[in-house]
Structures are given as C-alpha cells and as structure tokens.
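Shown next: final_6.tsv, containing TSV, C-alpha atoms and all ligand atoms.
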```
chain	number	residue	atom	x	y	z
A	1	MET	CA	26.71	7.82	12.64
A	2	ILE	CA	24.72	9.01	9.62
A	3	ASN	CA	23.72	12.61	9.18
A	4	MET	CA	20.12	12.02	8.18
A	5	THR	CA	19.49	15.73	7.65
A	6	LEU	CA	21.63	15.36	4.51
A	7	CYS	CA	19.33	12.67	3.09
A	8	ASP	CA	16.06	13.43	1.32
A	9	THR	CA	15.59	9.99	-0.24
A	10	ILE	CA	15.61	6.75	1.71
A	11	LEU	CA	15.94	3.39	-0.08
A	12	LEU	CA	14.91	0.45	2.06
A	13	ASP	CA	15.40	-3.22	1.40
A	14	MET	CA	12.60	-5.58	2.48
A	15	ASP	CA	13.79	-9.05	3.55
A	16	GLY	CA	16.35	-8.91	6.33
A	17	THR	CA	16.01	-5.14	6.65
A	18	LEU	CA	12.36	-4.38	7.41
A	19	LEU	CA	11.20	-8.01	7.67
A	20	ASP	CA	12.73	-10.78	9.73
A	21	LEU	CA	14.88	-12.99	7.46
A	22	ASN	CA	13.93	-15.91	9.68
A	23	PHE	CA	10.91	-16.45	7.40
A	24	ASP	CA	13.03	-16.78	4.25
A	25	ASN	CA	15.77	-18.79	5.93
A	26	HIS	CA	13.24	-21.20	7.38
A	27	PHE	CA	11.43	-21.41	4.07
A	28	TRP	CA	14.46	-22.20	1.88
A	29	LEU	CA	16.59	-24.15	4.33
A	30	GLU	CA	13.89	-26.21	6.09
A	31	PHE	CA	10.44	-26.06	4.53
A	32	VAL	CA	11.28	-26.38	0.82
A	33	PRO	CA	13.77	-29.24	1.47
A	34	LEU	CA	11.11	-30.97	3.58
A	35	ARG	CA	8.53	-30.82	0.80
A	36	TYR	CA	11.14	-31.73	-1.80
A	37	ALA	CA	12.12	-34.75	0.31
A	38	GLN	CA	8.50	-35.87	0.60
A	39	LYS	CA	7.98	-35.54	-3.14
A	40	HIS	CA	11.10	-37.55	-4.04
A	41	GLY	CA	11.12	-40.08	-1.20
A	42	LEU	CA	14.32	-38.66	0.33
A	43	SER	CA	15.33	-37.93	3.89
A	44	LEU	CA	15.36	-34.25	4.88
A	45	GLU	CA	19.14	-34.39	5.09
A	46	GLN	CA	19.45	-35.84	1.57
A	47	ALA	CA	17.14	-33.17	0.21
A	48	GLN	CA	19.12	-30.42	1.94
A	49	GLN	CA	22.35	-31.83	0.50
A	50	GLN	CA	20.90	-31.90	-3.01
A	51	LEU	CA	19.35	-28.45	-2.86
A	52	GLN	CA	22.11	-26.49	-1.14
A	53	PRO	CA	24.54	-26.41	-4.12
A	54	ARG	CA	21.67	-25.55	-6.47
A	55	PHE	CA	20.71	-22.59	-4.29
A	56	LYS	CA	24.34	-21.54	-3.86
A	57	ALA	CA	24.89	-21.49	-7.64
A	58	MET	CA	22.11	-18.92	-8.05
A	59	GLU	CA	23.11	-16.55	-5.22
A	60	GLY	CA	23.13	-12.91	-6.26
A	61	LYS	CA	21.40	-13.69	-9.57
A	62	LEU	CA	17.88	-12.63	-10.37
A	63	GLU	CA	16.86	-16.31	-10.71
A	64	TRP	CA	17.60	-16.84	-7.03
A	65	TYR	CA	14.75	-14.46	-6.22
A	66	CYS	CA	12.45	-15.72	-8.98
A	67	LEU	CA	9.67	-17.91	-7.67
A	68	ASP	CA	8.67	-18.97	-11.21
A	69	TYR	CA	12.19	-20.28	-11.74
A	70	TRP	CA	12.14	-22.42	-8.57
A	71	THR	CA	8.59	-23.57	-9.20
A	72	GLN	CA	9.75	-24.88	-12.56
A	73	VAL	CA	13.07	-26.45	-11.61
A	74	LEU	CA	11.92	-27.99	-8.32
A	75	GLN	CA	8.41	-28.85	-9.54
A	76	LEU	CA	6.99	-27.48	-6.30
A	77	ASP	CA	4.27	-24.83	-5.85
A	78	ILE	CA	6.61	-22.28	-4.28
A	79	VAL	CA	4.00	-19.52	-3.92
A	80	GLY	CA	1.57	-21.99	-2.35
A	81	LEU	CA	4.25	-23.18	0.08
A	82	LYS	CA	5.07	-19.60	1.08
A	83	THR	CA	1.41	-18.96	1.76
A	84	GLU	CA	1.27	-22.06	3.99
A	85	ILE	CA	3.83	-20.64	6.40
A	86	ALA	CA	2.95	-16.96	5.95
A	87	GLY	CA	2.25	-16.78	9.70
A	88	LEU	CA	6.02	-16.58	10.18
A	89	ILE	CA	6.29	-13.29	8.25
A	90	ALA	CA	7.22	-10.65	10.83
A	91	LEU	CA	8.64	-7.14	11.09
A	92	LEU	CA	12.05	-6.65	12.65
A	93	PRO	CA	12.08	-4.64	15.90
A	94	HIS	CA	11.24	-0.90	15.76
A	95	VAL	CA	10.51	-0.94	12.01
A	96	LEU	CA	7.03	0.53	12.43
A	97	GLU	CA	8.34	3.36	14.63
A	98	PHE	CA	11.04	4.10	12.07
A	99	LEU	CA	8.66	4.13	9.09
A	100	THR	CA	6.17	6.30	10.98
A	101	ALA	CA	8.89	8.81	11.88
A	102	LEU	CA	10.20	8.74	8.32
A	103	LYS	CA	6.78	9.47	6.85
A	104	ALA	CA	6.32	12.39	9.25
A	105	SER	CA	9.71	13.75	8.14
A	106	GLN	CA	8.45	14.21	4.54
A	107	ARG	CA	11.33	12.32	2.94
A	108	LYS	CA	10.91	10.26	-0.19
A	109	VAL	CA	10.85	6.60	0.86
A	110	LEU	CA	11.24	3.75	-1.63
A	111	LEU	CA	11.04	0.05	-0.94
A	112	VAL	CA	13.68	-1.51	-3.18
A	113	THR	CA	13.64	-5.28	-3.23
A	114	ASN	CA	14.96	-8.25	-5.14
A	115	ALA	CA	11.87	-10.17	-4.05
A	116	HIS	CA	9.56	-11.61	-6.67
A	117	ARG	CA	6.22	-9.80	-7.07
A	118	ALA	CA	4.29	-12.75	-5.61
A	119	SER	CA	6.47	-12.79	-2.52
A	120	LEU	CA	6.27	-9.01	-2.22
A	121	GLN	CA	2.48	-9.12	-2.44
A	122	LEU	CA	2.21	-11.79	0.25
A	123	LYS	CA	4.52	-9.84	2.55
A	124	MET	CA	2.68	-6.54	2.03
A	125	GLU	CA	-0.64	-8.28	2.76
A	126	LYS	CA	0.77	-9.69	6.00
A	127	THR	CA	2.53	-6.55	7.22
A	128	CYS	CA	0.39	-3.70	5.77
A	129	LEU	CA	3.54	-1.62	5.14
A	130	GLN	CA	2.57	-0.42	1.67
A	131	PRO	CA	1.25	3.05	2.70
A	132	PHE	CA	4.65	4.00	4.09
A	133	PHE	CA	6.30	4.01	0.66
A	134	ASP	CA	6.21	6.56	-2.15
A	135	ALA	CA	7.03	3.70	-4.50
A	136	ILE	CA	7.78	0.00	-4.38
A	137	VAL	CA	10.48	-1.13	-6.75
A	138	CYS	CA	10.94	-4.75	-7.65
A	139	ALA	CA	14.28	-5.72	-9.24
A	140	HIS	CA	12.44	-8.07	-11.60
A	141	ASP	CA	10.88	-5.01	-13.27
A	142	PHE	CA	14.37	-3.97	-14.43
A	143	GLY	CA	15.53	-7.52	-15.18
A	144	MET	CA	18.54	-7.03	-12.87
A	145	ALA	CA	19.22	-7.87	-9.24
A	146	LYS	CA	20.43	-5.17	-6.84
A	147	GLU	CA	23.82	-6.87	-6.79
A	148	GLN	CA	24.25	-5.83	-10.43
A	149	HIS	CA	25.68	-2.39	-11.08
A	150	GLY	CA	23.15	-1.56	-13.80
A	151	PHE	CA	20.28	-1.92	-11.37
A	152	TRP	CA	21.04	1.40	-9.63
A	153	GLN	CA	21.21	3.34	-12.87
A	154	ALA	CA	17.85	1.87	-13.90
A	155	LEU	CA	16.42	2.80	-10.50
A	156	GLN	CA	17.69	6.36	-10.75
A	157	THR	CA	16.22	6.73	-14.24
A	158	ALA	CA	12.82	5.48	-13.06
A	159	HIS	CA	12.86	7.36	-9.72
A	160	PRO	CA	15.34	10.26	-9.88
A	161	PHE	CA	17.43	10.75	-6.73
A	162	ASP	CA	20.59	12.61	-5.78
A	163	LYS	CA	23.25	10.01	-4.96
A	164	GLN	CA	24.78	12.32	-2.34
A	165	ARG	CA	21.45	12.90	-0.59
A	166	THR	CA	20.28	9.29	-0.56
A	167	LEU	CA	20.47	6.71	2.20
A	168	LEU	CA	20.31	2.99	1.48
A	169	VAL	CA	19.61	0.50	4.25
A	170	ASP	CA	20.18	-3.16	3.33
A	171	ASP	CA	21.39	-6.37	4.98
A	172	SER	CA	23.36	-7.68	1.99
A	173	LEU	CA	27.06	-6.82	1.64
A	174	PRO	CA	27.12	-7.44	-2.16
A	175	VAL	CA	24.10	-5.11	-2.55
A	176	LEU	CA	25.69	-2.38	-0.42
A	177	LYS	CA	28.91	-2.73	-2.38
A	178	SER	CA	27.10	-2.43	-5.70
A	179	ALA	CA	25.19	0.67	-4.52
A	180	ARG	CA	28.35	2.30	-3.20
A	181	GLN	CA	30.17	1.62	-6.49
A	182	PHE	CA	27.31	3.38	-8.27
A	183	GLY	CA	27.91	6.35	-5.98
A	184	ILE	CA	25.23	6.23	-3.29
A	185	THR	CA	27.01	8.01	-0.47
A	186	HIS	CA	25.13	6.86	2.61
A	187	CYS	CA	24.91	3.10	2.96
A	188	VAL	CA	23.94	1.42	6.22
A	189	MET	CA	23.98	-2.29	6.95
A	190	VAL	CA	21.46	-4.16	9.10
A	191	SER	CA	23.59	-6.46	11.20
A	192	GLN	CA	20.88	-8.74	12.59
A	193	PRO	CA	18.64	-9.55	9.61
A	194	ASP	CA	17.49	-12.86	11.14
A	195	SER	CA	16.19	-12.55	14.71
A	196	GLN	CA	17.17	-16.18	15.37
A	197	LYS	CA	20.81	-15.73	14.35
A	198	PRO	CA	23.73	-13.82	15.87
A	199	ILE	CA	24.70	-10.29	14.85
A	200	LYS	CA	26.89	-10.17	11.72
A	201	GLU	CA	30.13	-8.24	12.11
A	202	THR	CA	31.16	-5.73	9.46
A	203	SER	CA	33.72	-2.99	9.33
A	204	ASP	CA	32.96	-1.90	5.77
A	205	TYR	CA	29.70	-0.01	6.43
A	206	PRO	CA	28.06	1.77	9.33
A	207	ALA	CA	25.80	-0.88	10.87
A	208	ILE	CA	22.62	-0.91	12.92
A	209	VAL	CA	21.30	-3.78	15.02
A	210	ASP	CA	17.81	-2.26	14.92
A	211	PHE	CA	16.15	0.94	13.72
A	212	ARG	CA	16.30	2.83	17.01
A	213	GLN	CA	19.78	3.93	15.95
A	214	LEU	CA	18.38	5.61	12.82
A	215	ILE	CA	15.29	7.06	14.51
A	216	ALA	CA	17.69	8.90	16.80
A	217	CYS	CA	19.32	10.50	13.72
A	218	LEU	CA	16.12	11.75	12.07
A	301	MG	MG	17.72	-8.20	2.21
```

Is it possible to express this structure as structure tokens?
Ligand SMILES: [Mg+2]
Amino acid sequence: MINMTLCDTILLDMDGTLLDLNFDNHFWLEFVPLRYAQKHGLSLEQAQQQLQPRFKAMEGKLEWYCLDYWTQVLQLDIVGLKTEIAGLIALLPHVLEFLTALKASQRKVLLVTNAHRASLQLKMEKTCLQPFFDAIVCAHDFGMAKEQHGFWQALQTAHPFDKQRTLLVDDSLPVLKSARQFGITHCVMVSQPDSQKPIKETSDYPAIVDFRQLIACL
C-alpha cells in the first residue's frame, strides 16, 4: 500500500491517530455539555443544542483546539475537566508495536498535533509516548492549524524534511488534503479514529484501520 522504504521521516497525528478519539468525542459532546448544563441550569439536551453550533463554527480553526479560548468563552475550567476524565485516555490498537518498530528502524519520527499544549501534556503523561518522538510539534507554536496550508511550510522550516520521502498519518481529511496540497507525497488516513464508532470510508487516501497494516510495510 505504502512503500515505507521510501520514507525517512514519519509525521504522526495524536488524537484519532495514535490515541483513541473516544476521549475527545466524549469530552466535547457529553462531558462539557453536562457541566455547562449544570452551571446554567439547563438540561443536557439544551446544553448540547446550544454548544453544537458554537463548536461547529470553530472547526478547522486554531481556536477549536485552544483550551484557553474555550475556558474563556464557556467559563468552564476546561483543563481541570479534562484531568477529571483522564482515565479515558487510551492508545489505539497496535500503536505501541508500531512506534517500537519505527524507533528500531532509525527513521525520524515527529508527533504533529493541533492539540493545545495542556492537552498534549496530559496525554503524554497518561500514555508515556514521548520517548518515541524525535520532536513534538504543536500547531499553536506556529499560530496555524494543520488544516492551513502555511502550517506545513512552517513545519518544514523548523524541522527540515523531504516532501517525497515523508509519510503523514492522520485521521482528518482536511488535514490530509492540506498536507497533500503542500506536496507531502505519502499520506495515509486512519479510518477508525474512535474505537466506539464505525470505520469511516474514504477513497481519496490509502487508509488503515489499525497500525498492523503499516508495521507490515516497515
Ligand atoms: Mg486527529
């Protein structure tokens, strides 16, 4: 599917690629609305109805991933709430095997995430994945989300890579599209980012359900 021998740099997304998106989906769709409802004397359903369009309006923008932004506009301690349910943070299947094999293969491995630093820190504490990466890149450091074209140029300037010898694995179609437009040749989609949801169908990118398919290509 992907000729991994051609790739010396591997760019990996965090949420929905290495980590189960169930945590984030549960957090934003259930837990935050629940606490918002309690704060404002609303039913859970009312809170979900109020919050959904506000979340939707920020999709793909850096604010969507910014915990400071949501802390301010919702007047909720978002980092504190994340910590409360941190027990739900989990790796997707075969991620550890893949990262171990990748490290042994001497490739350059970067974690490239839109996640806010506070969220990243909590997730690294819970999963202990940090030693597997040569660098961890947070989109907030560049002031642009991965969906934005300029992000990839900023990434390449900070961490030089050959676009033709780089593999990106991500679960977001807009992110994959933006990376491909920049010229990253090998883009793979994770088709089951949330273990509690069905597999997403795509014909635009080579897709993996779990990392066994990439381990086999190493
Ligand atoms: Mg993701």

Practice problem: Please determine the residues with any atom at most 10 Å from (15.8, -30.1, 1.3) (coordinates as given in the file, with all atoms listed in the file counting) and report them as a PyMOL selection string. | Solution: chain A and resi 28-38+42-52

Quiz item: Which one is closest to ligand MG 301 (chain A): A:Arg117, A:His94, A:Lys146, A:Lys163? Count all atoms listed in the file.
Solution: A:Lys146

Practice problem: Grab me every residue within 6 Å of ligand MG 301 (chain A), counting all atoms listed in the file, and send it over as a ChimeraX atom specification. | Solution: /A:13-17,170-172

Self-check item: Between CA of Asp77 in chain A and CA of Leu111 in chain A, distance in Å (one decimal)
Solution: 26.2 Å

Self-check item: Residue among A:Asp134, A:Asp162, A:Asp24, A:Glu63 lying closest to Arg107 in chain A, counting all atoms listed in the file
Solution: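 Among the listed residues, A:Asp134 lies closest to Arg107 in chain A.
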
Quiz item: Given the choices A:Gly150, A:Pro131, A:Gly60, A:Pro198, which gets closest to Gln181 in chain A if the distance is worked out from all atoms listed in the file?
Solution: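 Selected residue with least distance to Gln181 in chain A: A:Gly150.
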
Practice problem: Considering only C-alpha atoms, return as a PyMOL selection string whatever protein or nucleic-acid residues lie within 8 Å of Val112 in chain A, sequence-local ones (same chain, fewer than 4 positions apart) excluded. | Solution: chain A and resi 11-14+136-139

Quiz item: Taking into account all atoms listed in the file, which residue in the set A:Ser195, A:Ser203, A:Ser119, A:Thr9 is nearest to Leu173 in chain A?
Solution: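 Looking only at the distances to Leu173 in chain A, the closest residue turns out to be A:Ser203.
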
Quiz prompt | Within 10 Å of Leu62 in chain A using all atoms listed in the file, minus same-chain residues under 4 positions, as a PyMOL selection string | solution = chain A and resi 58+66+69+114-116+139-140+143-148

Quiz prompt | Proximity to Pro206 in chain A - best of A:Asn25, A:Pro174, A:Asp194, A:Thr185, only C-alpha atoms | solution = A:Thr185

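Among the candidates A:Ala135, A:Ala86, A:Val190, A:Ala57, the one nearest to Val109 in chain A when counting all atoms listed in the file is A:Ala135.
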
What's the 8 Å shell around Ala90 in chain A, counting all atoms listed in the file, without same-chain residues fewer than 6 positions away, as an mmCIF file with C-alpha atoms, in the coordinates of the input?
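Resulting contents of around14.cif:
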```cif
data_model
loop_
_atom_site.group_PDB
_atom_site.id
_atom_site.type_symbol
_atom_site.label_atom_id
_atom_site.label_comp_id
_atom_site.auth_asym_id
_atom_site.auth_seq_id
_atom_site.Cartn_x
_atom_site.Cartn_y
_atom_site.Cartn_z
ATOM 1 C CA LEU A 19 11.200 -8.010 7.670
ATOM 2 C CA ASP A 20 12.730 -10.780 9.730
ATOM 3 C CA PHE A 23 10.910 -16.450 7.400
ATOM 4 C CA THR A 127 2.530 -6.550 7.220
#
```

Practice problem: Would you kindly return, as a list in words, each protein, DNA or RNA residue with an atom no farther than 7 Å from any atom of range 152-157 of chain A, considering only C-alpha atoms and excluding same-chain residues fewer than 5 positions away? | Solution: Phe142, Ala179 and Phe182 of chain A

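The spacing separating CA of Ala104 in chain A from CA of Leu168 in chain A amounts to 18.6 Å.
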
Spatial neighbours of Ile85 in chain A, 9 Å, only C-alpha atoms, chain gap at least 3 places, as an mmCIF file with C-alpha atoms, keeping the file's coordinate frame:
```cif
data_model
loop_
_atom_site.group_PDB
_atom_site.id
_atom_site.type_symbol
_atom_site.label_atom_id
_atom_site.label_comp_id
_atom_site.auth_asym_id
_atom_site.auth_seq_id
_atom_site.Cartn_x
_atom_site.Cartn_y
_atom_site.Cartn_z
ATOM 1 C CA PHE A 23 10.910 -16.450 7.400
ATOM 2 C CA PHE A 27 11.430 -21.410 4.070
ATOM 3 C CA PHE A 31 10.440 -26.060 4.530
ATOM 4 C CA LEU A 81 4.250 -23.180 0.080
ATOM 5 C CA LYS A 82 5.070 -19.600 1.080
ATOM 6 C CA LEU A 88 6.020 -16.580 10.180
ATOM 7 C CA ILE A 89 6.290 -13.290 8.250
#
```

Quiz prompt | Point-to-point distance from CA of Leu214 in chain A to CA of Phe98 in chain A, Å rounded to tenths | solution =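 Those two atoms sit 7.5 Å apart.
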